[in-house]
Amino acid sequence: MKVAKNDAKLITREFTTIYSYPASSKAISAAYIEVKGRHPSGEKEQFIEHDLHVLFYITKGSGTITIENMPYELQEGDVLTIQPGQKYFIEGNISYVVVTSPAYYSEQNEIVAD
């Protein structure tokens, strides 16, 4: 199944632009994300994906993804994975494709203050 960028759902936040592509199944989903700053934007906020395995493929720029207080410096061409239940946040001027399994659904995503 092909999905054109024009068919992606555009979500904008303070430092982040997200193109969320509709999933053809509940097994996998993808999005293209551009971060210019911190995501989530709150200084002590972190994400938890309770049910998802997440794979990041860096397409442009550089930045840091901190998982469970361990920073990972990333640049174009790097891949990083996150397991369900791990806390993380992203900082930098970085663009990436994110693939989740199962498909992303907002109810399993939580932002927590650390």
# chains A, B, ... in the order shown; residues from 1 in each chain; ligands from 1

$ residues_around --residues "A:Gly37" --least-positions-apart "2" --cutoff "6 Å" --atoms "only C-alpha atoms" --output "PyMOL selection string"
chain A and resi 15+35+91-92

$ closest_atom_pairs --of "stretch 2-80 of chain A" --to "stretch 100-114 of chain A" --cutoff "9 Å" --atoms "only C-alpha atoms" --output "JSON lines"
{"residue": "A:Ala23", "atom": "CA", "partner": "A:Ala103", "partner_atom": "CA", "distance": 6.8}
{"residue": "A:Ser25", "atom": "CA", "partner": "A:Ala103", "partner_atom": "CA", "distance": 7.3}
{"residue": "A:Lys26", "atom": "CA", "partner": "A:Ala103", "partner_atom": "CA", "distance": 5.0}
{"residue": "A:Ala27", "atom": "CA", "partner": "A:Pro102", "partner_atom": "CA", "distance": 4.3}
{"residue": "A:Ile28", "atom": "CA", "partner": "A:Ala103", "partner_atom": "CA", "distance": 4.2}
{"residue": "A:Ser29", "atom": "CA", "partner": "A:Ala103", "partner_atom": "CA", "distance": 4.5}
{"residue": "A:Ala30", "atom": "CA", "partner": "A:Thr100", "partner_atom": "CA", "distance": 6.4}
{"residue": "A:Ala31", "atom": "CA", "partner": "A:Thr100", "partner_atom": "CA", "distance": 8.8}
{"residue": "A:Pro40", "atom": "CA", "partner": "A:Ile111", "partner_atom": "CA", "distance": 7.7}
{"residue": "A:Gly42", "atom": "CA", "partner": "A:Ala113", "partner_atom": "CA", "distance": 8.3}
{"residue": "A:Glu43", "atom": "CA", "partner": "A:Ala113", "partner_atom": "CA", "distance": 8.6}
{"residue": "A:Lys44", "atom": "CA", "partner": "A:Ala113", "partner_atom": "CA", "distance": 5.3}
{"residue": "A:Glu45", "atom": "CA", "partner": "A:Ala113", "partner_atom": "CA", "distance": 4.4}
{"residue": "A:Gln46", "atom": "CA", "partner": "A:Val112", "partner_atom": "CA", "distance": 5.4}
{"residue": "A:Phe47", "atom": "CA", "partner": "A:Ile111", "partner_atom": "CA", "distance": 4.6}
{"residue": "A:Ile48", "atom": "CA", "partner": "A:Glu110", "partner_atom": "CA", "distance": 5.2}
{"residue": "A:Glu49", "atom": "CA", "partner": "A:Asn109", "partner_atom": "CA", "distance": 4.7}
{"residue": "A:His50", "atom": "CA", "partner": "A:Gln108", "partner_atom": "CA", "distance": 5.4}
{"residue": "A:Asp51", "atom": "CA", "partner": "A:Gln108", "partner_atom": "CA", "distance": 6.2}
{"residue": "A:Leu52", "atom": "CA", "partner": "A:Ser101", "partner_atom": "CA", "distance": 5.5}
{"residue": "A:His53", "atom": "CA", "partner": "A:Ser101", "partner_atom": "CA", "distance": 5.3}
{"residue": "A:Val54", "atom": "CA", "partner": "A:Thr100", "partner_atom": "CA", "distance": 4.6}
{"residue": "A:Leu55", "atom": "CA", "partner": "A:Thr100", "partner_atom": "CA", "distance": 6.4}
{"residue": "A:Phe56", "atom": "CA", "partner": "A:Thr100", "partner_atom": "CA", "distance": 9.0}

$ write_last_selection --atoms "C-alpha atoms" --output "PDB file, in the first residue's frame"
ATOM      1  CA  ALA A  23      -1.571   2.365   8.824  1.00  0.00           C
ATOM      2  CA  SER A  25      -2.873  -2.828   9.463  1.00  0.00           C
ATOM      3  CA  LYS A  26      -2.665  -2.877  13.245  1.00  0.00           C
ATOM      4  CA  ALA A  27       0.743  -4.577  13.050  1.00  0.00           C
ATOM      5  CA  ILE A  28       2.932  -1.611  12.014  1.00  0.00           C
ATOM      6  CA  SER A  29       2.867   2.151  11.413  1.00  0.00           C
ATOM      7  CA  ALA A  30       5.231   4.910  10.314  1.00  0.00           C
ATOM      8  CA  ALA A  31       5.688   8.654  10.694  1.00  0.00           C
ATOM      9  CA  PRO A  40       8.335  16.567  24.271  1.00  0.00           C
ATOM     10  CA  GLY A  42       8.666  20.379  28.647  1.00  0.00           C
ATOM     11  CA  GLU A  43      12.096  20.493  30.301  1.00  0.00           C
ATOM     12  CA  LYS A  44      11.478  17.406  32.463  1.00  0.00           C
ATOM     13  CA  GLU A  45       8.922  15.629  30.262  1.00  0.00           C
ATOM     14  CA  GLN A  46       9.506  12.212  28.727  1.00  0.00           C
ATOM     15  CA  PHE A  47       7.493   9.818  26.580  1.00  0.00           C
ATOM     16  CA  ILE A  48       6.536   6.266  27.465  1.00  0.00           C
ATOM     17  CA  GLU A  49       5.152   4.006  24.736  1.00  0.00           C
ATOM     18  CA  HIS A  50       3.492   1.368  26.901  1.00  0.00           C
ATOM     19  CA  ASP A  51       2.770  -1.154  24.135  1.00  0.00           C
ATOM     20  CA  LEU A  52       5.033  -0.269  21.207  1.00  0.00           C
ATOM     21  CA  HIS A  53       8.436  -1.246  19.911  1.00  0.00           C
ATOM     22  CA  VAL A  54       9.852   1.887  18.252  1.00  0.00           C
ATOM     23  CA  LEU A  55      12.558   2.136  15.582  1.00  0.00           C
ATOM     24  CA  PHE A  56      14.082   5.509  14.660  1.00  0.00           C
TER      25      PHE A  56
END

$ closest_residue --among "A:Gly77, A:Pro22, A:Gly61, A:Gly85" --to "A:Lys2" --atoms "only C-alpha atoms"
A:Pro22

$ select_by_dssp --residues "chain A" --states "strand (DSSP E)" --output "PyMOL selection string"
chain A and resi 9-12+16-21+29-39+45-49+53-67+70-75+79-82+87-101+109-113

$ select_by_dssp --residues "stretch 4-109 of chain A" --states "helix (DSSP H, G or I)" --output "PyMOL selection string"
chain A and resi 5-7+106-108

$ write_last_selection --atoms "C-alpha atoms" --output "short mmCIF file (atom, residue, chain, number, x, y, z; two decimals), in the first residue's frame"
data_model
loop_
_atom_site.label_atom_id
_atom_site.label_comp_id
_atom_site.auth_asym_id
_atom_site.auth_seq_id
_atom_site.Cartn_x
_atom_site.Cartn_y
_atom_site.Cartn_z
CA LYS A 5 2.83 12.60 1.95
CA ASN A 6 -0.34 14.60 1.17
CA ASP A 7 -2.35 11.77 2.78
CA SER A 106 -2.42 7.56 21.18
CA GLU A 107 -4.03 5.83 24.17
CA GLN A 108 -0.85 3.83 24.87
#

$ residues_around --residues "A:Tyr57" --least-positions-apart "4" --cutoff "12 Å" --atoms "only C-alpha atoms" --output "VMD selection string"
chain A and resid 30 to 34 61 to 62 65 74 to 82 94 to 100

$ write_last_selection --atoms "C-alpha atoms" --output "PDB file, in the first residue's frame"
ATOM      1  CA  ALA A  30       5.231   4.910  10.314  1.00  0.00           C
ATOM      2  CA  ALA A  31       5.688   8.654  10.694  1.00  0.00           C
ATOM      3  CA  TYR A  32       8.180  11.271   9.551  1.00  0.00           C
ATOM      4  CA  ILE A  33       9.163  13.677  12.332  1.00  0.00           C
ATOM      5  CA  GLU A  34      11.196  16.887  12.388  1.00  0.00           C
ATOM      6  CA  GLY A  61      20.617  16.491  11.077  1.00  0.00           C
ATOM      7  CA  SER A  62      21.817  15.333  14.453  1.00  0.00           C
ATOM      8  CA  ILE A  65      17.664  10.546  22.110  1.00  0.00           C
ATOM      9  CA  LEU A  74      22.611  10.290  16.582  1.00  0.00           C
ATOM     10  CA  GLN A  75      23.228  11.564  13.066  1.00  0.00           C
ATOM     11  CA  GLU A  76      22.038  10.857   9.538  1.00  0.00           C
ATOM     12  CA  GLY A  77      21.947   7.120   8.771  1.00  0.00           C
ATOM     13  CA  ASP A  78      21.833   5.947  12.410  1.00  0.00           C
ATOM     14  CA  VAL A  79      19.136   3.623  13.780  1.00  0.00           C
ATOM     15  CA  LEU A  80      17.936   3.395  17.387  1.00  0.00           C
ATOM     16  CA  THR A  81      15.259   1.187  18.956  1.00  0.00           C
ATOM     17  CA  ILE A  82      13.129   1.632  22.071  1.00  0.00           C
ATOM     18  CA  ILE A  94      16.973  16.192  13.711  1.00  0.00           C
ATOM     19  CA  SER A  95      14.594  14.545  11.236  1.00  0.00           C
ATOM     20  CA  TYR A  96      13.731  10.866  11.295  1.00  0.00           C
ATOM     21  CA  VAL A  97      11.381   8.133  10.212  1.00  0.00           C
ATOM     22  CA  VAL A  98       9.828   6.299  13.125  1.00  0.00           C
ATOM     23  CA  VAL A  99       8.324   2.833  12.717  1.00  0.00           C
ATOM     24  CA  THR A 100       6.220   1.289  15.480  1.00  0.00           C
TER      25      THR A 100
END

$ atom_distance --atom1 "atom CA of A:Ile67" --atom2 "atom CA of A:Lys9"
26.6 Å
